[in-house]
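Participant: Sharing a structure with you now.
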Amino acid sequence: MRDWLLYRTFWDLTITGLALGSIYSLVALGYTLVYGVLRLINFAHSEIFMVGTFGALMASQEFLGIPMLEDGGYPYRTGFMLLVFLVFILLCAMVFSGLGAVALERVAYKSLRGNGDLFGAVVLAFLTGFVVSMVFVDDTLANVIVAAILTAPITMGYMSLFRRGKQSPRLAFLISAIGASTAIAEAMAIWGPEKREQYQTPRILEKDVLFSFLGADVRVDNVIVIVGALLMMVALTLFVNKSRLGRGVRAVAQDAETARILGVNVDMIILVTFALGGVMAGGAAMLFTLVYEQSRFNIGFILGVKSFTAAVLGGIGNLKGALLGGLVLGLVENYASAVFGGQWKDVVAFVVLLVVLMFRPTGLLGESLGRARV
Amino acid sequence: MTNDVLLQFSDITMQFGGVTALSEVTIDIHRGEILGLIGPNGAGKTTCFNVMTGVYKPTKGTVRFDGQDIVPLKRYEITLAGIARTFQNIRLFGNMTALENVMVGADARKASSVGGALLRTPRQRAEDKESRDRAMELLTFMGIADRAGDAARNLPYGYQRRLEIARALGTEPKLLCLDEPAAGFNPAEKQELNELILKIREQGYTVLLIEHDMSVVMNVSDRVAVLDFGRKIAEGLPADVRANPDVIAAYLGVPDAS
């Protein structure tokens, strides 16, 4: 009986599956890029996505003043103005996520590589001061002031510890990743205006059906998501394959030691890699809010796990693999929920991952940004 | 000009835990010369190299390059100061083309910012073209330009060795350090390599050559330094070094080494 449902709605499911899959792909790129250069699964990447959704929310609500649906009719913009709005919101989400990713690298990972820098020390010192102050005073402003005063001496302490310059074991990076992920999400739940509740994001454009395709209605937001994601991925691929920094990223991914000896500033390349992944996650976040019109402090969790799955499915370390893995996962989920019911979609998605890994342990396309293909 | 010291390697001691790999080794490399560094296996040649290129920080002693103390510098800063090296076991970026391999080295000298690279400013594009042209020039110089577009891992062995040298030259070094460049070469290829090293020197580079193979070292070096058990046991003209009884003993082994 459900087979019939799949048959009737096959192309509808395909379109929405591709849209969802494109978002997975964009986020998956961040996992894959960082894995490529650091051999690290950046579990906090899901929170970088979350930060991006709030960037998009702030851009549309605060900066552009787009009202909520329930606040009455919205004068939908079309044509050029709509494009300007979309691009502006996209850029804001990208800036939020990109800066978030860069800060994450410098605070949570750089010092673990045995060369902690001043920026990371200052941020850590401030946070330490803040937490210590919270124990004694229950006033945010007072806490900020105390933390600011304490920052200088604590920074000096951290710097002297950093200078010992020992590389941490691999496991420390993983724990740091998980810790950063939880810390960012929980901080959002504590300090965000809606706390742990869901945020509604304003509707930016009227979601008309643009055209019909084999009996499926193709909505304009799905088209924007698919086309937008593809454009971003093409831009990223061109950047990595053609530009100087991209060359550096590929060189570091293959052999960081040799790259260093050839005069490549590896720390800078790592930072660029995080920024690239962050910007892609910001793009994904904007497209996500366009379609789903919501966010929450833990919105990144499931989406992050899925995107990480997509990266592994396609072959982690491989940019094309991230694209393929995301699209496959999005489609599989959609078809599965039509056939077995919505509650089955995650089960099926992960069973597909397991089956693929059984036959192709390096994923569908194998590893390629990183060290040699085996 | 010919006799001023480019790299001054003074009283270097390098210990790993309790093992002393180098003990009070002093070597001067003069601008424009080819210095051969030889010694039996485990004599400390590669350790010497690693200290010069910043891979290891020496336990004691100083390394001055072009008047600058390079011990505290980061590895990429040492490269930018003007020391380049190749590896005994080839370490190319296998998935990148031959041209890109050389461009990675050439890129490091380019100054335009991250933002410039993202926006592809005219300046950045000009620099990119510069890198590309320079890389192509070096591939031609090394005689491997016909395979410039091939992935490095698909190149024949001899090409890979020469690509390593081209890539090192891409960083615009003052001193080029070659770590056993003749490894795995047949006599004809060794002869070609000799000519190539001499050609590189003619271009104004200073060359430090670590080599096992005496025919290469003795034919191209202006001076030779010999290491044994982490000490420098001889230094001088190739002919003198070859006749030095300590060197002969180190290479052939003596019954009662004291």
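Note on naming: chains are A, B, ... as they come in the structure tokens, residues start from 1 per chain, ligands start from 1 in the order shown.
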Segment 147-151 of chain A: which residues within 7 Å, counting only C-alpha atoms, same-chain residues fewer than 6 positions away excluded, as a list of chain:residue names?
Facilitator: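 Answer for this query is A:Val122, A:Ala125, A:Phe126, A:Gly129, A:Phe130, A:Ser133.
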Participant: Give me, as a PyMOL selection string, the residues of segment 74-134 of chain A that a backbone DSSP run labels alpha helix (DSSP H).
Facilitator: chain A and resi 79-104+118-134
Participant: How about saving the chosen residues, C-alpha atoms kept, as a JSON list (two decimals), in the first residue's frame?
Facilitator:
```json
[["chain", "number", "residue", "atom", "x", "y", "z"],
["A", 79, "GLY", "CA", 12.76, 40.29, -8.50],
["A", 80, "PHE", "CA", 15.81, 42.34, -7.70],
["A", 81, "MET", "CA", 14.87, 43.34, -4.14],
["A", 82, "LEU", "CA", 14.23, 39.73, -3.25],
["A", 83, "LEU", "CA", 17.63, 38.80, -4.59],
["A", 84, "VAL", "CA", 19.25, 41.56, -2.54],
["A", 85, "PHE", "CA", 17.47, 40.32, 0.59],
["A", 86, "LEU", "CA", 18.46, 36.73, -0.01],
["A", 87, "VAL", "CA", 22.08, 37.58, -0.66],
["A", 88, "PHE", "CA", 22.23, 39.82, 2.40],
["A", 89, "ILE", "CA", 20.82, 37.12, 4.66],
["A", 90, "LEU", "CA", 23.16, 34.59, 3.10],
["A", 91, "LEU", "CA", 26.18, 36.79, 3.71],
["A", 92, "CYS", "CA", 25.18, 37.38, 7.33],
["A", 93, "ALA", "CA", 24.78, 33.66, 7.97],
["A", 94, "MET", "CA", 28.14, 33.02, 6.32],
["A", 95, "VAL", "CA", 29.88, 35.69, 8.37],
["A", 96, "PHE", "CA", 28.41, 34.31, 11.62],
["A", 97, "SER", "CA", 29.39, 30.74, 10.78],
["A", 98, "GLY", "CA", 32.73, 31.64, 9.27],
["A", 99, "LEU", "CA", 33.81, 33.70, 12.27],
["A", 100, "GLY", "CA", 32.44, 31.03, 14.57],
["A", 101, "ALA", "CA", 34.53, 28.37, 12.86],
["A", 102, "VAL", "CA", 37.67, 30.50, 12.99],
["A", 103, "ALA", "CA", 37.16, 31.25, 16.69],
["A", 104, "LEU", "CA", 36.51, 27.56, 17.34],
["A", 118, "LEU", "CA", 47.40, 34.81, 22.12],
["A", 119, "PHE", "CA", 43.87, 34.96, 20.73],
["A", 120, "GLY", "CA", 42.96, 31.54, 22.08],
["A", 121, "ALA", "CA", 44.53, 32.37, 25.42],
["A", 122, "VAL", "CA", 42.60, 35.62, 25.72],
["A", 123, "VAL", "CA", 39.27, 33.98, 24.91],
["A", 124, "LEU", "CA", 39.92, 31.11, 27.31],
["A", 125, "ALA", "CA", 41.01, 33.55, 29.98],
["A", 126, "PHE", "CA", 37.89, 35.64, 29.56],
["A", 127, "LEU", "CA", 35.67, 32.57, 29.75],
["A", 128, "THR", "CA", 37.52, 31.33, 32.81],
["A", 129, "GLY", "CA", 37.10, 34.72, 34.49],
["A", 130, "PHE", "CA", 33.44, 34.77, 33.60],
["A", 131, "VAL", "CA", 32.74, 31.34, 35.02],
["A", 132, "VAL", "CA", 34.69, 32.06, 38.20],
["A", 133, "SER", "CA", 32.83, 35.33, 38.63],
["A", 134, "MET", "CA", 29.47, 33.61, 38.09]]
```
Participant: Excluding same-chain residues fewer than 4 positions from Leu13 of chain A, what lies within 7 Å of it counting only C-alpha atoms, as a ChimeraX atom specification?
Facilitator: /A:9,17,334-335
Participant: Show me, as a ChimeraX atom specification, the residues that have an atom within 7 Å of segment 185-195 of chain B when counting only C-alpha atoms, minus same-chain residues fewer than 4 positions from it.
Facilitator: /B:199,216,220
Participant: Neighbouring residues of Gly321 of chain A were defined as those with any atom within 6 Å, considering only C-alpha atoms; residues of the same chain fewer than 6 positions away were excluded. Please report them as a PyMOL selection string.
Facilitator: chain A and resi 314-315+365
Participant: Write out as an MDAnalysis selection string each polymer residue whose atoms come within 12 Å of segment 220-231 of chain A, counting only C-alpha atoms; drop sequence neighbours fewer than 5 positions from it.
Facilitator: chainID A and resid 12:29 78 82:83 86:87 90 203:212 236:238 279:293 320 322:324 326:327 330
Participant: Would you mind listing, as a ChimeraX atom specification, all residues of chain A that have at least one atom within 8 Å of chain B, where only C-alpha atoms are what counts?
Facilitator: /A:239,243-245,247-248,251,254-255,258-265,368,372
